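The block underneath contains the structure these notes are about, expressed in structure tokens.
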Amino acid sequence: MTLRRPAPPADLAPLAAARFDQAAARHLLSRAGFGGTPAQVDALAAMGLDRAVDLVVRYGGQPAKAVSPDDFDRDLIPPLTREEREQLQRARRERDEATVERLERKENQTKAEDRRQLQSMREWWIARMIETARPLEEKMTLFWHGHFATGARTIEDSWLIFQQNQLFRTHATGNFGTLVLHVIRDPAMIKYLDNDDSRRGRPNENLARELLELFVLGEGSGYTEQDIKEGARALTGYTVEGEEFTFREANHDGGPKTILGQRGNWNGDDFARIALGRTACSRFICGKLYRSFVNDVPEGDLPPGHAAARAAFVDAMASELRANQYELAPVLGKLFRSAHFHDASNRASVIKSPAQLVVQTVRQLGTPPRQLSSLTAACELMGQDLFQPPNVKGWDGGRSWINTSTLFVRQNVAIYLLTGKRPGMYDWENDAARFDADALVAGAIVSADAGANAGGDPSPEALVDRLLAVSLATPAHPARREELVRFASKQTSPAARADRTLSTLALITALPEYQLA
Amino acid sequence: MHDPNVSSRRVFIRQGVMLASFAATLPHFIQESAMGMLAPEGNALGSRPGVPDERILVVVQLSGGNDGLNAVIPYGDAEYHNARPGIALGEPGKAKNGGAALELDKDRGIGLHPNLTGLKELHDQGKLCVVAGVGYPNPNRSHFASMDIWQCGRPEGKGTGWLGRYVDAACNGSPAADMAVSVGRTAPLALMGVQSKPVAFESADLFRWLGADAGGAMDAEYQRMARAGQLSGVEAGSQESFLMRTALDAQVTSDRIRAAVKKQPLVPYPGSALAKQLQTVAAMIRDGMKTRVYYVSMGGFDTHANQPGSHGNLMRQLGDALLAFQKDLAAQGNEGRVVTMCFSEFGRRVRQNASNGTDHGTAGPVFVLGPAVQPGLRGAYPSLTDLDGGDLKFTTDFRGVYQELLGKWMRAPMDAVLGGTYEAPGLIRA
């Protein structure tokens, strides 16, 4: 029989300051960011709980890598102008094949360039996650991307996707209500959910439906089909002119509507505010934040008592969010300070998203970032194609990341980061940058491993313990340690000895447990 | 009647203590053998290894809401043309808006999309059954909610998947790891049972750990750790337990699948993503894997704007891929073992929208393919004038389709899976 862990505290009470040790600092850095090197963990632990959480959550004081508008080309894909479209239609009618071909080729070229730019944005974003001094900013940007999921393939305008990504970054830990009001004006979202086709008398319900179902309230939270229809009327006229939001009064249905029981001549902002006024909204958002940052074990698999503690904790988060008028930073601060978050049952309880896995491997182990295009391709294979979530519901996350196939990709991308050897379809691609795995070990062990031989070369036990401590979210199972120590002990030839740290680490990254943050 | 759930529960209770001790560390397929020895004789489901019953169900999911009215076209109905001036297709021989329907049922004035030439060919061979107007009560127009309903096989759209429950029942509570295989990025809810979880992969070539290839003699250690399953002391239900068990399943299915898909297919396939998925499925069937349910999917059907071009491409890809698949199965000699069912989460509104597209609707057609089907158009085509808020009223309950596929084709008792009995549309011949 295994001992059941007691349920974590059911409220937002903070962790006792004295209990904020290195393991807690590593946990904080792993969840509120993408993990860190042993030196970063030590520094955070030394700050104490309050300063550490402030550093992570109130990241305004940390340097931000400026986003230059020149990073990407705004006018890469001016869609065919109205004149060109008319010209094309006319040419088709008149069977003017030369004109048809010229315009179609132009369109295809700009689309191809746009896809290239989108790919460079993916790489830019992964690089930013790897480099940023504000990891929570990028992590929340990714969270909002999954929440307000918008597929780039539908939009076919990378600039709009870039603008949306910047929107999520600007409001990453800001005010949720403000963010929602921006989202219903966001050109990428308006195009993705067809609100630019929605007009008085012919409302398109897509945006209104997702606003209630996926963005603000959650499915089954008490709204009706009628609320969606009325909300769609309220959102008519919220459209895009060129690449900018515009409100077209002539297309707006200004008549009276009843939305969630409130009657008035509502516009889209009113509709959003009415939805934001429901208690269900704070519960919905906090439940989602909880699964991302605290624990994504399915409710049915939680030990007895844990589900109730989770529900109470999410309720407490929701009250806090309402009390702060939807300001997110205070809630996140309390979350990351809480004894609940730091409870043993909430360690190694979140499955790393593909982006998290890749970025954390680089940031925590200190591998070279390798080719960013390989990293984004791996993310796609692992089920997280950045800027192209599977649908407007975003990524389901949690255990849905893991299946028998993605597990192999996860192991193999770690091998690529460690060794620079990338499994292609039939061949390996080599990246010359060498990963100095021994840097993870040097220094730290010499003092701890007094029994090491004179050259400071650690014993197999000391080596394995050190690598497990810097790689895994919780202490390793004794059977794992035993197997790894046996392996490290066998590496006696000069060549094997030289690679001992690297190959031991490769085995650790292949452990199922490595997938946990 | 023999109820597999009852007997499996009894077996579990009787043998549970003994099995539980190694259930966590053995791959599912070894557990299955252990359970197989304990299962009562004459299991009516006949899905145990060694029992010759190898019928296979392939499910093709069309995501986004396929426009049923432009896939299975009521060209003889004036209202079809009234409601869709910019996108309605012409009757056979008379192109309109870029195409003329292919004849499916002349008496009823129903045709196929002009690009569904592949399905037309299968129809002419008597291997295509089209069930018209398939849906469910109180239709949900959300992609996800409606897809959940279809995948769960329950109008509330919650819980396990209909095929997952089938595998659970057919395997007597101890499903083999590869009873259900999904070719695609993510494993669909439809294949999630209580015990049963599908194998899911996108590319068989990389369906293994490549660490040992990178140098270093690590493979033995890797294999031992990856195959260890749930280690002692790890809590059932925990993330570690889930990951350890999945890692074990991955190892035992990897070798088999990689071997299967290495062979060249017997017929050429088109280049679409769906064709590649079906080619992989055909390779696994040819290899004799004991997988009973395969699941593939194709997206892009959410045609809110400028529908004719994009929907036409989708129809072309769909019909051509299904035809190549059927030819491959025939060349293998496996055609008689396989029935393929193709569905979408909903059809689209009768009236087109202002952007020359269509919005989310309700009932739609289901395609069922294979020599075992009752060929032709089954079920009543929904009226285009007697509508429910602008949408079609369904004429066949989707659970009737499932019931016939599972009950009549897969020969499984279906009450436990579908929780009731529904009118059979008559899509399976024998």
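Residue names in the structure tokens use chain letters A, B, ... in the order shown, residue numbers from 1 in each chain, and ligand numbers from 1 in the order shown.
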Exercise. Name the residues in contact with range 255-272 of chain B at a cut-off of 8 Å, using only C-alpha atoms, excluding same-chain residues fewer than 6 positions from it; report them as a ChimeraX atom specification.
Key: /B:204-205,207,279-280,282-284,286-287,317,320-321,324-325,327-328,331-332
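Residues of chain B having any atom within 6 Å of chain A, counting only C-alpha atoms, are Ala200, Phe201, Arg208, Trp209, Gly211, Gly233, Gly237, Leu243, Met244 and Ala250 of chain B.
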What does the file look like for those residues with all heavy atoms, as a short mmCIF file (atom, residue, chain, number, x, y, z; two decimals), in the first residue's frame?
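Below you can see again.cif, which holds the result:
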```
data_model
loop_
_atom_site.label_atom_id
_atom_site.label_comp_id
_atom_site.auth_asym_id
_atom_site.auth_seq_id
_atom_site.Cartn_x
_atom_site.Cartn_y
_atom_site.Cartn_z
N ALA B 200 -1.87 6.24 -31.07
CA ALA B 200 -2.01 7.38 -31.97
C ALA B 200 -0.64 7.80 -32.45
O ALA B 200 0.28 7.93 -31.64
CB ALA B 200 -2.69 8.54 -31.27
N PHE B 201 -0.49 7.96 -33.73
CA PHE B 201 0.78 8.45 -34.26
C PHE B 201 0.53 9.10 -35.60
O PHE B 201 -0.43 8.80 -36.29
CB PHE B 201 1.80 7.32 -34.39
CG PHE B 201 1.37 6.26 -35.37
CD1 PHE B 201 1.70 6.38 -36.72
CD2 PHE B 201 0.62 5.18 -34.96
CE1 PHE B 201 1.29 5.42 -37.62
CE2 PHE B 201 0.20 4.22 -35.86
CZ PHE B 201 0.54 4.35 -37.21
N ARG B 208 9.74 5.68 -32.45
CA ARG B 208 10.65 5.00 -31.53
C ARG B 208 11.62 6.02 -30.95
O ARG B 208 11.71 7.14 -31.45
CB ARG B 208 11.44 3.91 -32.25
CG ARG B 208 12.39 4.47 -33.28
CD ARG B 208 12.99 3.40 -34.17
NE ARG B 208 13.81 4.03 -35.21
CZ ARG B 208 15.12 4.21 -35.12
NH1 ARG B 208 15.79 3.79 -34.06
NH2 ARG B 208 15.79 4.80 -36.08
N TRP B 209 12.36 5.61 -29.92
CA TRP B 209 13.40 6.47 -29.35
C TRP B 209 14.64 6.40 -30.22
O TRP B 209 15.06 5.31 -30.63
CB TRP B 209 13.74 6.00 -27.94
CG TRP B 209 14.67 6.92 -27.19
CD1 TRP B 209 14.46 8.23 -26.89
CD2 TRP B 209 15.94 6.58 -26.63
NE1 TRP B 209 15.51 8.74 -26.17
CE2 TRP B 209 16.44 7.74 -25.99
CE3 TRP B 209 16.71 5.42 -26.58
CZ2 TRP B 209 17.67 7.78 -25.32
CZ3 TRP B 209 17.93 5.45 -25.91
CH2 TRP B 209 18.41 6.62 -25.29
N GLY B 211 17.59 7.88 -29.33
CA GLY B 211 18.74 8.26 -28.53
C GLY B 211 19.95 7.37 -28.76
O GLY B 211 21.07 7.85 -28.85
N GLY B 233 4.99 1.70 -5.70
CA GLY B 233 4.94 2.89 -4.85
C GLY B 233 4.39 4.11 -5.56
O GLY B 233 4.09 5.12 -4.93
N GLY B 237 -3.37 6.60 -10.99
CA GLY B 237 -4.09 7.84 -11.29
C GLY B 237 -3.19 9.06 -11.32
O GLY B 237 -3.61 10.11 -11.77
N LEU B 243 2.10 8.40 -17.23
CA LEU B 243 3.22 8.50 -18.18
C LEU B 243 3.99 7.18 -18.28
O LEU B 243 4.40 6.77 -19.36
CB LEU B 243 4.16 9.63 -17.76
CG LEU B 243 3.63 11.03 -18.07
CD1 LEU B 243 4.32 12.09 -17.23
CD2 LEU B 243 3.79 11.35 -19.56
N MET B 244 4.19 6.52 -17.15
CA MET B 244 4.93 5.26 -17.17
C MET B 244 4.19 4.20 -17.97
O MET B 244 4.79 3.43 -18.74
CB MET B 244 5.16 4.77 -15.74
CG MET B 244 6.18 5.60 -14.97
SD MET B 244 6.16 5.22 -13.19
CE MET B 244 7.51 6.28 -12.61
N ALA B 250 3.87 2.45 -25.59
CA ALA B 250 4.55 2.95 -26.78
C ALA B 250 5.60 1.95 -27.26
O ALA B 250 5.74 1.70 -28.46
CB ALA B 250 5.20 4.30 -26.47
#
```
Quiz prompt | Backbone-only DSSP, alpha helix (DSSP H) members of range 303-477 of chain A, as a ChimeraX atom specification | solution = /A:306-323,328-337,339-342,354-365,372-381,404-419,444-448,460-471
Quiz item: When DSSP works through the backbone of this structure, what residues of range 4-217 of chain A end up as strand (DSSP E or B), shown as a ChimeraX atom specification?
Solution: /A:14,175,199,202
